[in-house]
file work.cif (mmCIF, C-alpha atoms and all ligand atoms)
data_final
loop_
_atom_site.group_PDB
_atom_site.id
_atom_site.type_symbol
_atom_site.label_atom_id
_atom_site.label_comp_id
_atom_site.auth_asym_id
_atom_site.auth_seq_id
_atom_site.Cartn_x
_atom_site.Cartn_y
_atom_site.Cartn_z
ATOM 1 C CA MET A 1 -19.986 -17.325 -9.644
ATOM 2 C CA ASN A 2 -18.019 -20.364 -8.504
ATOM 3 C CA SER A 3 -19.845 -22.114 -5.645
ATOM 4 C CA ARG A 4 -16.755 -21.664 -3.442
ATOM 5 C CA GLU A 5 -16.839 -17.933 -3.971
ATOM 6 C CA LYS A 6 -19.040 -15.978 -1.623
ATOM 7 C CA LEU A 7 -19.719 -12.310 -1.391
ATOM 8 C CA SER A 8 -19.477 -10.922 2.131
ATOM 9 C CA SER A 9 -21.234 -7.804 0.811
ATOM 10 C CA GLU A 10 -22.075 -6.505 -2.618
ATOM 11 C CA LYS A 11 -18.714 -4.835 -3.083
ATOM 12 C CA ILE A 12 -16.341 -7.213 -1.313
ATOM 13 C CA PHE A 13 -15.066 -10.430 -2.818
ATOM 14 C CA PHE A 14 -14.365 -13.373 -0.539
ATOM 15 C CA GLY A 15 -13.125 -16.574 -2.082
ATOM 16 C CA LEU A 16 -10.232 -18.393 -3.688
ATOM 17 C CA ARG A 17 -8.035 -16.765 -6.308
ATOM 18 C CA GLU A 18 -5.306 -18.356 -8.388
ATOM 19 C CA VAL A 19 -1.670 -17.321 -8.313
ATOM 20 C CA ILE A 20 -0.885 -16.329 -11.901
ATOM 21 C CA ASN A 21 2.727 -15.398 -11.241
ATOM 22 C CA ILE A 22 5.089 -14.911 -8.334
ATOM 23 C CA ASN A 23 8.575 -13.408 -8.584
ATOM 24 C CA GLU A 24 11.221 -12.273 -6.126
ATOM 25 C CA ILE A 25 11.808 -8.760 -7.483
ATOM 26 C CA VAL A 26 14.571 -7.898 -5.014
ATOM 27 C CA LYS A 27 15.948 -10.058 -2.230
ATOM 28 C CA GLY A 28 13.116 -10.903 0.171
ATOM 29 C CA THR A 29 10.519 -8.805 -1.709
ATOM 30 C CA PHE A 30 7.980 -10.533 -3.928
ATOM 31 C CA LEU A 31 5.513 -9.469 -6.590
ATOM 32 C CA VAL A 32 2.543 -11.817 -6.727
ATOM 33 C CA GLU A 33 -0.150 -11.604 -9.370
ATOM 34 C CA ILE A 34 -3.462 -13.260 -8.589
ATOM 35 C CA SER A 35 -6.573 -13.644 -10.695
ATOM 36 C CA SER A 36 -9.030 -10.789 -10.318
ATOM 37 C CA SER A 37 -12.813 -10.725 -9.843
ATOM 38 C CA ALA A 38 -15.552 -8.223 -10.647
ATOM 39 C CA GLN A 39 -15.256 -6.763 -7.139
ATOM 40 C CA LEU A 40 -11.449 -6.775 -6.948
ATOM 41 C CA SER A 41 -11.182 -5.064 -10.326
ATOM 42 C CA LYS A 42 -13.052 -2.108 -8.819
ATOM 43 C CA SER A 43 -10.400 -1.619 -6.112
ATOM 44 C CA GLY A 44 -8.998 1.864 -5.665
ATOM 45 C CA PRO A 45 -5.432 2.963 -4.825
ATOM 46 C CA GLY A 46 -4.744 2.675 -1.100
ATOM 47 C CA GLN A 47 -7.237 -0.124 -0.485
ATOM 48 C CA PHE A 48 -5.982 -3.484 0.662
ATOM 49 C CA VAL A 49 -6.809 -7.191 0.550
ATOM 50 C CA TYR A 50 -6.714 -9.740 3.308
ATOM 51 C CA ILE A 51 -5.063 -12.927 2.157
ATOM 52 C CA ILE A 52 -4.281 -16.347 3.472
ATOM 53 C CA PRO A 53 -2.453 -19.055 1.518
ATOM 54 C CA LYS A 54 -4.639 -22.150 1.205
ATOM 55 C CA THR A 55 -1.546 -24.332 1.328
ATOM 56 C CA GLN A 56 -0.498 -23.315 4.816
ATOM 57 C CA LYS A 57 -0.298 -26.020 7.438
ATOM 58 C CA ARG A 58 -0.778 -23.947 10.563
ATOM 59 C CA THR A 59 -3.766 -21.698 11.167
ATOM 60 C CA ILE A 60 -2.893 -18.034 11.188
ATOM 61 C CA LEU A 61 -4.805 -14.817 10.797
ATOM 62 C CA PRO A 62 -4.988 -13.457 7.274
ATOM 63 C CA ARG A 63 -2.382 -10.861 6.364
ATOM 64 C CA PRO A 64 -3.246 -7.411 4.957
ATOM 65 C CA LEU A 65 -1.469 -6.332 1.763
ATOM 66 C CA CYS A 66 -1.980 -3.122 -0.186
ATOM 67 C CA ILE A 67 -3.196 -3.447 -3.733
ATOM 68 C CA ALA A 68 -0.335 -2.422 -6.025
ATOM 69 C CA ASP A 69 -2.508 -2.687 -9.141
ATOM 70 C CA ALA A 70 -5.835 -4.186 -10.128
ATOM 71 C CA ASP A 71 -7.768 -4.662 -13.327
ATOM 72 C CA ALA A 72 -10.250 -7.131 -14.759
ATOM 73 C CA ASP A 73 -7.613 -9.851 -15.136
ATOM 74 C CA THR A 74 -5.123 -9.547 -12.296
ATOM 75 C CA VAL A 75 -4.450 -8.035 -8.903
ATOM 76 C CA LYS A 76 -0.811 -7.258 -8.093
ATOM 77 C CA LEU A 77 0.540 -7.374 -4.555
ATOM 78 C CA ILE A 78 4.070 -6.627 -3.390
ATOM 79 C CA PHE A 79 5.244 -7.949 -0.063
ATOM 80 C CA LYS A 80 8.386 -8.392 1.954
ATOM 81 C CA VAL A 81 9.055 -11.501 4.007
ATOM 82 C CA LYS A 82 8.894 -10.499 7.671
ATOM 83 C CA GLY A 83 7.449 -13.427 9.621
ATOM 84 C CA LYS A 84 5.648 -16.669 9.056
ATOM 85 C CA GLY A 85 2.634 -15.233 7.185
ATOM 86 C CA THR A 86 4.678 -13.564 4.502
ATOM 87 C CA LEU A 87 7.067 -16.541 4.455
ATOM 88 C CA TYR A 88 4.110 -18.807 3.559
ATOM 89 C CA LEU A 89 3.132 -16.364 0.843
ATOM 90 C CA SER A 90 6.652 -16.370 -0.584
ATOM 91 C CA GLU A 91 6.429 -20.171 -0.939
ATOM 92 C CA LEU A 92 3.415 -19.969 -3.272
ATOM 93 C CA SER A 93 3.781 -21.165 -6.840
ATOM 94 C CA LYS A 94 1.985 -20.430 -10.062
ATOM 95 C CA GLY A 95 -1.390 -22.214 -10.052
ATOM 96 C CA ASP A 96 -1.730 -22.299 -6.240
ATOM 97 C CA LYS A 97 -4.919 -21.005 -4.687
ATOM 98 C CA ILE A 98 -5.129 -18.380 -1.978
ATOM 99 C CA SER A 99 -8.076 -17.109 -0.007
ATOM 100 C CA VAL A 100 -8.701 -13.419 -0.687
ATOM 101 C CA MET A 101 -11.036 -10.869 0.873
ATOM 102 C CA GLY A 102 -11.267 -7.381 -0.517
ATOM 103 C CA PRO A 103 -11.068 -4.667 -1.549
ATOM 104 C CA LEU A 104 -11.032 -3.408 2.056
ATOM 105 C CA GLY A 105 -10.661 0.013 3.663
ATOM 106 C CA LYS A 106 -10.747 3.529 2.334
ATOM 107 C CA GLY A 107 -7.988 4.503 -0.077
ATOM 108 C CA PHE A 108 -6.649 7.737 -1.556
ATOM 109 C CA GLN A 109 -9.273 10.207 -2.771
ATOM 110 C CA ALA A 110 -9.314 11.278 -6.399
ATOM 111 C CA VAL A 111 -7.678 14.701 -6.784
ATOM 112 C CA ASN A 112 -7.288 16.946 -9.792
ATOM 113 C CA GLU A 113 -4.488 19.136 -8.458
ATOM 114 C CA PRO A 114 -0.736 18.500 -8.828
ATOM 115 C CA VAL A 115 0.261 15.860 -6.297
ATOM 116 C CA LEU A 116 3.509 14.837 -4.689
ATOM 117 C CA LEU A 117 3.644 11.091 -4.115
ATOM 118 C CA ALA A 118 6.006 9.879 -1.410
ATOM 119 C CA GLY A 119 6.862 6.230 -0.880
ATOM 120 C CA GLY A 120 9.260 4.745 1.637
ATOM 121 C CA GLY A 121 10.407 1.143 1.186
ATOM 122 C CA LEU A 122 7.436 -1.207 0.832
ATOM 123 C CA GLY A 123 5.247 1.902 0.996
ATOM 124 C CA ALA A 124 5.888 2.460 -2.696
ATOM 125 C CA ALA A 125 3.580 -0.476 -3.544
ATOM 126 C CA PRO A 126 0.157 1.226 -3.330
ATOM 127 C CA LEU A 127 1.582 4.365 -4.943
ATOM 128 C CA TYR A 128 2.112 2.463 -8.190
ATOM 129 C CA PHE A 129 -1.665 1.986 -8.439
ATOM 130 C CA LEU A 130 -2.189 5.661 -7.599
ATOM 131 C CA ALA A 131 0.483 6.774 -10.090
ATOM 132 C CA LYS A 132 -1.249 4.795 -12.843
ATOM 133 C CA LYS A 133 -4.521 6.573 -12.119
ATOM 134 C CA LEU A 134 -2.717 9.942 -12.260
ATOM 135 C CA ARG A 135 -0.596 9.089 -15.296
ATOM 136 C CA ASN A 136 -2.037 11.899 -17.402
ATOM 137 C CA ASN A 137 -1.194 14.459 -14.774
ATOM 138 C CA GLU A 138 2.122 15.852 -16.017
ATOM 139 C CA LYS A 139 2.592 17.757 -12.794
ATOM 140 C CA THR A 140 2.605 14.723 -10.521
ATOM 141 C CA SER A 141 5.995 13.947 -8.963
ATOM 142 C CA LEU A 142 7.057 10.885 -7.034
ATOM 143 C CA VAL A 143 9.839 10.501 -4.496
ATOM 144 C CA LEU A 144 10.852 6.962 -3.602
ATOM 145 C CA GLY A 145 13.095 6.329 -0.626
ATOM 146 C CA PHE A 146 14.949 3.095 0.124
ATOM 147 C CA LYS A 147 17.644 2.020 2.574
ATOM 148 C CA ASN A 148 20.024 1.184 -0.275
ATOM 149 C CA LYS A 149 20.117 0.146 -3.937
ATOM 150 C CA ASP A 150 19.573 -3.521 -3.079
ATOM 151 C CA GLU A 151 16.149 -2.739 -1.612
ATOM 152 C CA ALA A 152 14.956 -0.525 -4.480
ATOM 153 C CA TYR A 153 12.258 -1.988 -6.706
ATOM 154 C CA PHE A 154 9.723 -1.011 -9.390
ATOM 155 C CA ILE A 155 11.618 2.121 -10.431
ATOM 156 C CA ASN A 156 11.301 1.446 -14.151
ATOM 157 C CA GLU A 157 7.627 0.595 -13.722
ATOM 158 C CA PHE A 158 7.059 3.940 -11.996
ATOM 159 C CA LYS A 159 9.026 5.743 -14.718
ATOM 160 C CA SER A 160 6.790 4.163 -17.348
ATOM 161 C CA VAL A 161 3.722 5.843 -15.825
ATOM 162 C CA LEU A 162 5.133 9.077 -14.379
ATOM 163 C CA ARG A 163 7.570 11.569 -15.836
ATOM 164 C CA ASN A 164 8.963 12.997 -12.593
ATOM 165 C CA VAL A 165 10.406 10.170 -10.522
ATOM 166 C CA PHE A 166 13.093 10.876 -7.915
ATOM 167 C CA VAL A 167 14.919 8.201 -5.939
ATOM 168 C CA CYS A 168 16.870 8.617 -2.729
ATOM 169 C CA THR A 169 18.649 6.131 -0.502
ATOM 170 C CA ASP A 170 19.927 6.379 3.067
ATOM 171 C CA ASP A 171 23.465 5.475 1.965
ATOM 172 C CA GLY A 172 23.473 7.230 -1.422
ATOM 173 C CA SER A 173 23.999 3.934 -3.286
ATOM 174 C CA LEU A 174 21.133 4.840 -5.662
ATOM 175 C CA GLY A 175 19.771 8.285 -6.534
ATOM 176 C CA SER A 176 20.623 10.988 -4.074
ATOM 177 C CA ARG A 177 21.682 10.429 -0.477
ATOM 178 C CA GLY A 178 19.021 11.347 2.061
ATOM 179 C CA ASN A 179 15.433 10.806 3.021
ATOM 180 C CA VAL A 180 12.083 11.328 1.336
ATOM 181 C CA THR A 181 11.136 14.484 3.277
ATOM 182 C CA GLY A 182 14.468 16.153 2.419
ATOM 183 C CA LYS A 183 14.069 15.300 -1.262
ATOM 184 C CA ILE A 184 10.527 16.633 -1.340
ATOM 185 C CA GLY A 185 11.824 19.890 0.154
ATOM 186 C CA GLU A 186 14.250 20.151 -2.807
ATOM 187 C CA ILE A 187 11.851 19.377 -5.644
ATOM 188 C CA ILE A 188 8.585 20.932 -4.487
ATOM 189 C CA LYS A 189 7.000 23.401 -6.916
ATOM 190 C CA ASP A 190 3.361 24.435 -6.659
ATOM 191 C CA GLU A 191 1.957 21.142 -5.375
ATOM 192 C CA LYS A 192 -0.569 21.458 -2.590
ATOM 193 C CA ILE A 193 -1.159 17.781 -1.811
ATOM 194 C CA ILE A 194 1.077 14.937 -0.642
ATOM 195 C CA CYS A 195 0.007 11.283 -0.752
ATOM 196 C CA ALA A 196 2.369 9.132 1.275
ATOM 197 C CA CYS A 197 2.931 5.562 2.326
ATOM 198 C CA GLY A 198 5.894 4.254 4.272
ATOM 199 C CA PRO A 199 7.289 3.884 7.759
ATOM 200 C CA ARG A 200 5.652 5.911 10.513
ATOM 201 C CA PRO A 201 8.659 8.217 11.193
ATOM 202 C CA MET A 202 8.607 9.170 7.503
ATOM 203 C CA LEU A 203 4.856 9.871 7.614
ATOM 204 C CA LYS A 204 5.288 11.919 10.779
ATOM 205 C CA SER A 205 8.042 14.090 9.312
ATOM 206 C CA LEU A 206 6.144 14.520 6.033
ATOM 207 C CA SER A 207 3.008 15.557 7.926
ATOM 208 C CA ALA A 208 5.040 18.204 9.789
ATOM 209 C CA PHE A 209 6.529 19.353 6.458
ATOM 210 C CA ALA A 210 3.041 19.575 4.925
ATOM 211 C CA GLY A 211 1.801 21.619 7.885
ATOM 212 C CA GLU A 212 4.728 24.053 7.623
ATOM 213 C CA ASN A 213 4.138 24.437 3.888
ATOM 214 C CA LYS A 214 0.333 24.695 4.119
ATOM 215 C CA MET A 215 -0.187 21.527 2.114
ATOM 216 C CA ARG A 216 -2.781 18.783 2.536
ATOM 217 C CA ILE A 217 -1.394 15.350 3.243
ATOM 218 C CA PHE A 218 -2.916 11.887 3.072
ATOM 219 C CA VAL A 219 -1.034 9.019 4.685
ATOM 220 C CA SER A 220 -1.569 5.276 4.500
ATOM 221 C CA LEU A 221 -1.111 3.695 7.935
ATOM 222 C CA GLU A 222 -0.306 0.130 8.918
ATOM 223 C CA GLU A 223 -1.311 -1.607 12.146
ATOM 224 C CA ARG A 224 -1.508 -5.226 13.176
ATOM 225 C CA MET A 225 -4.961 -6.467 12.201
ATOM 226 C CA GLY A 226 -7.390 -9.046 13.512
ATOM 227 C CA CYS A 227 -10.698 -9.123 11.654
ATOM 228 C CA GLY A 228 -9.900 -6.599 8.890
ATOM 229 C CA MET A 229 -13.604 -5.671 8.862
ATOM 230 C CA GLY A 230 -13.998 -3.152 11.667
ATOM 231 C CA ALA A 231 -15.253 -5.517 14.379
ATOM 232 C CA CYS A 232 -12.337 -6.354 16.693
ATOM 233 C CA LEU A 233 -10.847 -2.863 17.276
ATOM 234 C CA GLY A 234 -7.413 -4.464 17.020
ATOM 235 C CA CYS A 235 -6.101 -1.909 14.533
ATOM 236 C CA VAL A 236 -7.031 1.425 16.111
ATOM 237 C CA VAL A 237 -4.914 4.577 15.861
ATOM 238 C CA LYS A 238 -5.364 7.949 17.575
ATOM 239 C CA ILE A 239 -6.823 10.662 15.357
ATOM 240 C CA ARG A 240 -7.705 14.314 16.136
ATOM 241 C CA SER A 241 -11.347 14.904 15.322
ATOM 242 C CA GLY A 242 -13.357 18.054 16.097
ATOM 243 C CA GLY A 243 -10.866 19.241 18.726
ATOM 244 C CA LYS A 244 -10.862 15.850 20.477
ATOM 245 C CA GLU A 245 -8.709 12.750 20.232
ATOM 246 C CA GLU A 246 -10.466 9.584 19.206
ATOM 247 C CA TYR A 247 -9.579 6.068 18.116
ATOM 248 C CA GLN A 248 -10.254 5.131 14.507
ATOM 249 C CA ARG A 249 -9.832 1.777 12.798
ATOM 250 C CA VAL A 250 -7.114 1.451 10.174
ATOM 251 C CA CYS A 251 -9.085 -1.322 8.442
ATOM 252 C CA LYS A 252 -12.349 0.619 8.228
ATOM 253 C CA GLU A 253 -11.823 4.404 8.537
ATOM 254 C CA GLY A 254 -8.371 3.968 6.940
ATOM 255 C CA PRO A 255 -5.817 2.836 5.976
ATOM 256 C CA VAL A 256 -5.577 6.313 4.355
ATOM 257 C CA PHE A 257 -6.035 9.193 6.809
ATOM 258 C CA ASP A 258 -5.607 12.948 6.750
ATOM 259 C CA GLY A 259 -1.976 13.108 7.924
ATOM 260 C CA SER A 260 -2.518 16.391 9.768
ATOM 261 C CA LYS A 261 -4.993 14.631 12.085
ATOM 262 C CA VAL A 262 -2.936 11.543 12.921
ATOM 263 C CA ILE A 263 -1.371 11.477 16.401
ATOM 264 C CA TYR A 264 1.949 9.830 15.617
HETATM 265 C C1 LIG A 301 -3.381 -1.957 5.593
HETATM 266 C C2 LIG A 301 -2.057 -2.693 5.513
HETATM 267 C C3 LIG A 301 -1.442 -2.844 4.293
HETATM 268 C C4 LIG A 301 -0.217 -3.514 4.200
HETATM 269 N N1 LIG A 301 0.357 -3.638 2.972
HETATM 270 C C5 LIG A 301 1.519 -4.289 2.865
HETATM 271 C C6 LIG A 301 2.122 -4.462 1.579
HETATM 272 O O1 LIG A 301 1.602 -4.014 0.557
HETATM 273 N N2 LIG A 301 3.297 -5.152 1.535
HETATM 274 C C7 LIG A 301 3.890 -5.660 2.667
HETATM 275 O O2 LIG A 301 4.948 -6.267 2.564
HETATM 276 N N3 LIG A 301 3.347 -5.492 3.868
HETATM 277 C C8 LIG A 301 2.167 -4.846 3.995
HETATM 278 N N4 LIG A 301 1.600 -4.710 5.226
HETATM 279 C C9 LIG A 301 2.255 -5.296 6.371
HETATM 280 C C10 LIG A 301 2.024 -6.777 6.351
HETATM 281 O O3 LIG A 301 0.670 -7.092 6.538
HETATM 282 C C11 LIG A 301 2.866 -7.357 7.489
HETATM 283 O O4 LIG A 301 4.209 -7.254 7.095
HETATM 284 C C12 LIG A 301 2.542 -8.751 7.667
HETATM 285 O O5 LIG A 301 1.293 -8.803 8.335
HETATM 286 C C13 LIG A 301 3.597 -9.439 8.473
HETATM 287 O O6 LIG A 301 3.114 -10.715 8.574
HETATM 288 P P1 LIG A 301 4.059 -11.916 8.900
HETATM 289 O O7 LIG A 301 3.188 -13.053 9.300
HETATM 290 O O8 LIG A 301 5.035 -12.149 7.828
HETATM 291 O O9 LIG A 301 4.858 -11.396 10.124
HETATM 292 P P2 LIG A 301 4.572 -11.622 11.667
HETATM 293 O O10 LIG A 301 5.144 -12.926 12.068
HETATM 294 O O11 LIG A 301 3.120 -11.382 11.962
HETATM 295 O O12 LIG A 301 5.424 -10.454 12.182
HETATM 296 C C14 LIG A 301 6.803 -10.296 11.810
HETATM 297 C C15 LIG A 301 7.259 -8.910 12.165
HETATM 298 O O13 LIG A 301 6.543 -7.931 11.388
HETATM 299 C C16 LIG A 301 5.904 -7.008 12.254
HETATM 300 N N5 LIG A 301 4.605 -6.677 11.672
HETATM 301 C C17 LIG A 301 3.614 -7.517 11.397
HETATM 302 N N6 LIG A 301 2.541 -6.869 10.889
HETATM 303 C C18 LIG A 301 2.886 -5.574 10.845
HETATM 304 C C19 LIG A 301 2.222 -4.397 10.443
HETATM 305 N N7 LIG A 301 0.976 -4.390 9.988
HETATM 306 N N8 LIG A 301 2.881 -3.236 10.529
HETATM 307 C C20 LIG A 301 4.132 -3.199 11.000
HETATM 308 N N9 LIG A 301 4.818 -4.283 11.404
HETATM 309 C C21 LIG A 301 4.209 -5.450 11.344
HETATM 310 C C22 LIG A 301 5.753 -7.729 13.564
HETATM 311 O O14 LIG A 301 5.690 -6.851 14.660
HETATM 312 C C23 LIG A 301 6.999 -8.569 13.620
HETATM 313 O O15 LIG A 301 8.091 -7.826 14.076
HETATM 314 C C24 LIG A 301 0.388 -4.045 5.353
HETATM 315 C C25 LIG A 301 -0.236 -3.892 6.597
HETATM 316 C C26 LIG A 301 -1.440 -3.216 6.678
HETATM 317 C C27 LIG A 301 -2.093 -3.060 7.998
HETATM 318 S S1 LIG A 302 -8.686 -5.338 12.293
HETATM 319 FE FE1 LIG A 302 -10.489 -5.663 13.439
HETATM 320 S S2 LIG A 302 -11.256 -3.631 13.661
HETATM 321 FE FE2 LIG A 302 -9.589 -3.390 12.312
#
call {"tool": "encode", "arguments": {"input": "work.cif", "output": "structure tokens"}}
result
Amino acid sequence: MNSREKLSSEKIFFGLREVININEIVKGTFLVEISSSAQLSKSGPGQFVYIIPKTQKRTILPRPLCIADADADTVKLIFKVKGKGTLYLSELSKGDKISVMGPLGKGFQAVNEPVLLAGGGLGAAPLYFLAKKLRNNEKTSLVLGFKNKDEAYFINEFKSVLRNVFVCTDDGSLGSRGNVTGKIGEIIKDEKIICACGPRPMLKSLSAFAGENKMRIFVSLEERMGCGMGACLGCVVKIRSGGKEEYQRVCKEGPVFDGSKVIY
């Protein structure tokens, strides 16, 4: 182990990683590949990393990004420029170093039944990792929803790992016109599980759909984060548990939750 690399626990890597590649895949959305580590290579779909560019001039909190793929060599992350943190990340170049902590959180559980994957916008990123793990499951279907064709990304990559990929856009400029929940209503067969990541209104409507159709649903939630490790309670969401409502931490109990229990 490099002396600058420390382990915050046996399973979590904390140290510098090198940017192997960074590309703007669609306007404002970047795919960055960083070097992996023994711990990062054991990441599961739905887990996330906390990253901070070493080159930044101002001090900011790290930013959470879902792991879009991970193996022994590289970890892939897909992000959209929103504010200064992601702007710094977009200015990285090949060979730069970034500080990485992860894998963090609890991701999607392994399932053997036919699954419907549902990704909205940037929410498609962690589903690529999940789709790769399910690639031998012929019955898995994926619905990707985007605002328009200019925001759509990774479609060919998804098609290379899954046979049943459906795309919809709000304006009909790519795939069919409409939203992810509507498309799932059209294509559903005998699937009993939905795994979803995307904007909260999409997750809310999919959770209602799953309830009406007696399906299980797992959703990946996003909240602003402070520590990323379960200590600051900055990322809590309301969850139904044992007939009561309680707060759970997206960084620790999540980011993937049983969608039927989330209070949206
Ligand atoms: C578990 C987790 C996984 C994530 N995975 C990804 C990913 O794979 N790709 C990706 O592009 N983004 C992801 N995000 C969101 C990403 O972390 C935020 O977009 C990022 O923190 C914004 O940082 P910023 O400094 O660029 O923006 P800021 O300057 O901090 O904020 C800019 C704008 O973005 C909003 N914003 C910031 N953070 C969030 C958030 N967590 N949720 C919703 N709105 C936010 C702010 O309210 C503000 O309007 C994830 C967030 C979480 C919690
Ligand atoms: S970010 Fe601190 S508890 Fe989740």
call {"tool": "closest_residue", "arguments": {"input": "work.cif", "among": "A:Ile155, A:Ile51, A:Ala110, A:Ala72", "to": "A:Leu134", "atoms": "only C-alpha atoms"}}
result
A:Ala110
call {"tool": "resolve_selection", "arguments": {"input": "work.cif", "expression": "the PyMOL selection byres (((not hetatm)) within 7 of (chain A and resi 301))", "output": "mmCIF file with C-alpha atoms, keeping the file's coordinate frame"}}
result
data_model
loop_
_atom_site.group_PDB
_atom_site.id
_atom_site.type_symbol
_atom_site.label_atom_id
_atom_site.label_comp_id
_atom_site.auth_asym_id
_atom_site.auth_seq_id
_atom_site.Cartn_x
_atom_site.Cartn_y
_atom_site.Cartn_z
ATOM 1 C CA PHE A 48 -5.982 -3.484 0.662
ATOM 2 C CA ARG A 63 -2.382 -10.861 6.364
ATOM 3 C CA PRO A 64 -3.246 -7.411 4.957
ATOM 4 C CA LEU A 65 -1.469 -6.332 1.763
ATOM 5 C CA CYS A 66 -1.980 -3.122 -0.186
ATOM 6 C CA ILE A 67 -3.196 -3.447 -3.733
ATOM 7 C CA LEU A 77 0.540 -7.374 -4.555
ATOM 8 C CA ILE A 78 4.070 -6.627 -3.390
ATOM 9 C CA PHE A 79 5.244 -7.949 -0.063
ATOM 10 C CA LYS A 80 8.386 -8.392 1.954
ATOM 11 C CA VAL A 81 9.055 -11.501 4.007
ATOM 12 C CA LYS A 82 8.894 -10.499 7.671
ATOM 13 C CA GLY A 83 7.449 -13.427 9.621
ATOM 14 C CA LYS A 84 5.648 -16.669 9.056
ATOM 15 C CA GLY A 85 2.634 -15.233 7.185
ATOM 16 C CA THR A 86 4.678 -13.564 4.502
ATOM 17 C CA LEU A 87 7.067 -16.541 4.455
ATOM 18 C CA LEU A 122 7.436 -1.207 0.832
ATOM 19 C CA GLY A 123 5.247 1.902 0.996
ATOM 20 C CA ALA A 125 3.580 -0.476 -3.544
ATOM 21 C CA PRO A 126 0.157 1.226 -3.330
ATOM 22 C CA LEU A 221 -1.111 3.695 7.935
ATOM 23 C CA GLU A 222 -0.306 0.130 8.918
ATOM 24 C CA GLU A 223 -1.311 -1.607 12.146
ATOM 25 C CA ARG A 224 -1.508 -5.226 13.176
ATOM 26 C CA MET A 225 -4.961 -6.467 12.201
ATOM 27 C CA VAL A 250 -7.114 1.451 10.174
ATOM 28 C CA CYS A 251 -9.085 -1.322 8.442
ATOM 29 C CA PRO A 255 -5.817 2.836 5.976
#
call {"tool": "closest_atom_pairs", "arguments": {"input": "work.cif", "of": "chain A", "to": "ligand LIG 302 (chain A)", "cutoff": "6 Å", "atoms": "all atoms listed in the file", "output": "tab-separated table"}}
result
residue	atom	partner	partner_atom	distance
A:Met225	CA	A:LIG302	S1	3.9
A:Gly226	CA	A:LIG302	S1	4.1
A:Cys227	CA	A:LIG302	FE1	3.9
A:Gly228	CA	A:LIG302	S1	3.8
A:Met229	CA	A:LIG302	FE1	5.5
A:Gly230	CA	A:LIG302	S2	3.4
A:Ala231	CA	A:LIG302	S2	4.5
A:Cys232	CA	A:LIG302	FE1	3.8
A:Leu233	CA	A:LIG302	S2	3.7
A:Gly234	CA	A:LIG302	FE1	4.9
A:Cys235	CA	A:LIG302	FE2	4.4
A:Arg249	CA	A:LIG302	FE2	5.2
A:Val250	CA	A:LIG302	FE2	5.8
A:Cys251	CA	A:LIG302	FE2	4.4
call {"tool": "atom_distance", "arguments": {"input": "work.cif", "atom1": "atom CA of A:Val219", "atom2": "atom CA of A:Arg17"}}
result
28.9 Å
call {"tool": "atom_distance", "arguments": {"input": "work.cif", "atom1": "atom CA of A:Val165", "atom2": "atom CA of A:Leu142"}}
result
4.9 Å
call {"tool": "residues_around", "arguments": {"input": "work.cif", "residues": "A:Phe146", "least_positions_apart": "2", "cutoff": "6 Å", "atoms": "only C-alpha atoms", "output": "ChimeraX atom specification"}}
result
/A:121,148,152,169
call {"tool": "closest_residue", "arguments": {"input": "work.cif", "among": "A:Arg177, A:Gly119, A:Glu191, A:Ser99", "to": "A:Asn137", "atoms": "all atoms listed in the file"}}
result
A:Glu191
call {"tool": "residues_around", "arguments": {"input": "work.cif", "residues": "A:Ser37", "least_positions_apart": "6", "cutoff": "9 Å", "atoms": "all atoms listed in the file", "output": "JSON list (two decimals) with C-alpha atoms, keeping the file's coordinate frame"}}
result
[["chain", "number", "residue", "atom", "x", "y", "z"],
["A", 13, "PHE", "CA", -15.07, -10.43, -2.82],
["A", 17, "ARG", "CA", -8.04, -16.76, -6.31],
["A", 71, "ASP", "CA", -7.77, -4.66, -13.33],
["A", 72, "ALA", "CA", -10.25, -7.13, -14.76],
["A", 73, "ASP", "CA", -7.61, -9.85, -15.14],
["A", 74, "THR", "CA", -5.12, -9.55, -12.30],
["A", 75, "VAL", "CA", -4.45, -8.04, -8.90]]
call {"tool": "residues_around", "arguments": {"input": "work.cif", "residues": "stretch 192-195 of chain A", "least_positions_apart": "6", "cutoff": "8 Å", "atoms": "all atoms listed in the file", "output": "PDB file with C-alpha atoms, keeping the file's coordinate frame"}}
result
ATOM      1  CA  PHE A 108      -6.649   7.737  -1.556  1.00  0.00           C
ATOM      2  CA  GLU A 113      -4.488  19.136  -8.458  1.00  0.00           C
ATOM      3  CA  PRO A 114      -0.736  18.500  -8.828  1.00  0.00           C
ATOM      4  CA  VAL A 115       0.261  15.860  -6.297  1.00  0.00           C
ATOM      5  CA  LEU A 116       3.509  14.837  -4.689  1.00  0.00           C
ATOM      6  CA  LEU A 117       3.644  11.091  -4.115  1.00  0.00           C
ATOM      7  CA  ALA A 118       6.006   9.879  -1.410  1.00  0.00           C
ATOM      8  CA  ALA A 210       3.041  19.575   4.925  1.00  0.00           C
ATOM      9  CA  LYS A 214       0.333  24.695   4.119  1.00  0.00           C
ATOM     10  CA  MET A 215      -0.187  21.527   2.114  1.00  0.00           C
ATOM     11  CA  ARG A 216      -2.781  18.783   2.536  1.00  0.00           C
ATOM     12  CA  ILE A 217      -1.394  15.350   3.243  1.00  0.00           C
ATOM     13  CA  PHE A 218      -2.916  11.887   3.072  1.00  0.00           C
ATOM     14  CA  VAL A 219      -1.034   9.019   4.685  1.00  0.00           C
TER      15      VAL A 219
END
call {"tool": "atom_distance", "arguments": {"input": "work.cif", "atom1": "atom CA of A:Val180", "atom2": "atom CA of A:Val143"}}
result
6.3 Å
call {"tool": "resolve_selection", "arguments": {"input": "work.cif", "expression": "the PyMOL selection byres (((chain A and resi 237) around 6) and not hetatm)", "output": "number ranges by chain"}}
result
A: 236, 238, 247-248
call {"tool": "closest_residue", "arguments": {"input": "work.cif", "among": "A:Gln47, A:Gln39, A:Gln109, A:Ser90", "to": "A:Val19", "atoms": "all atoms listed in the file"}}
result
A:Ser90
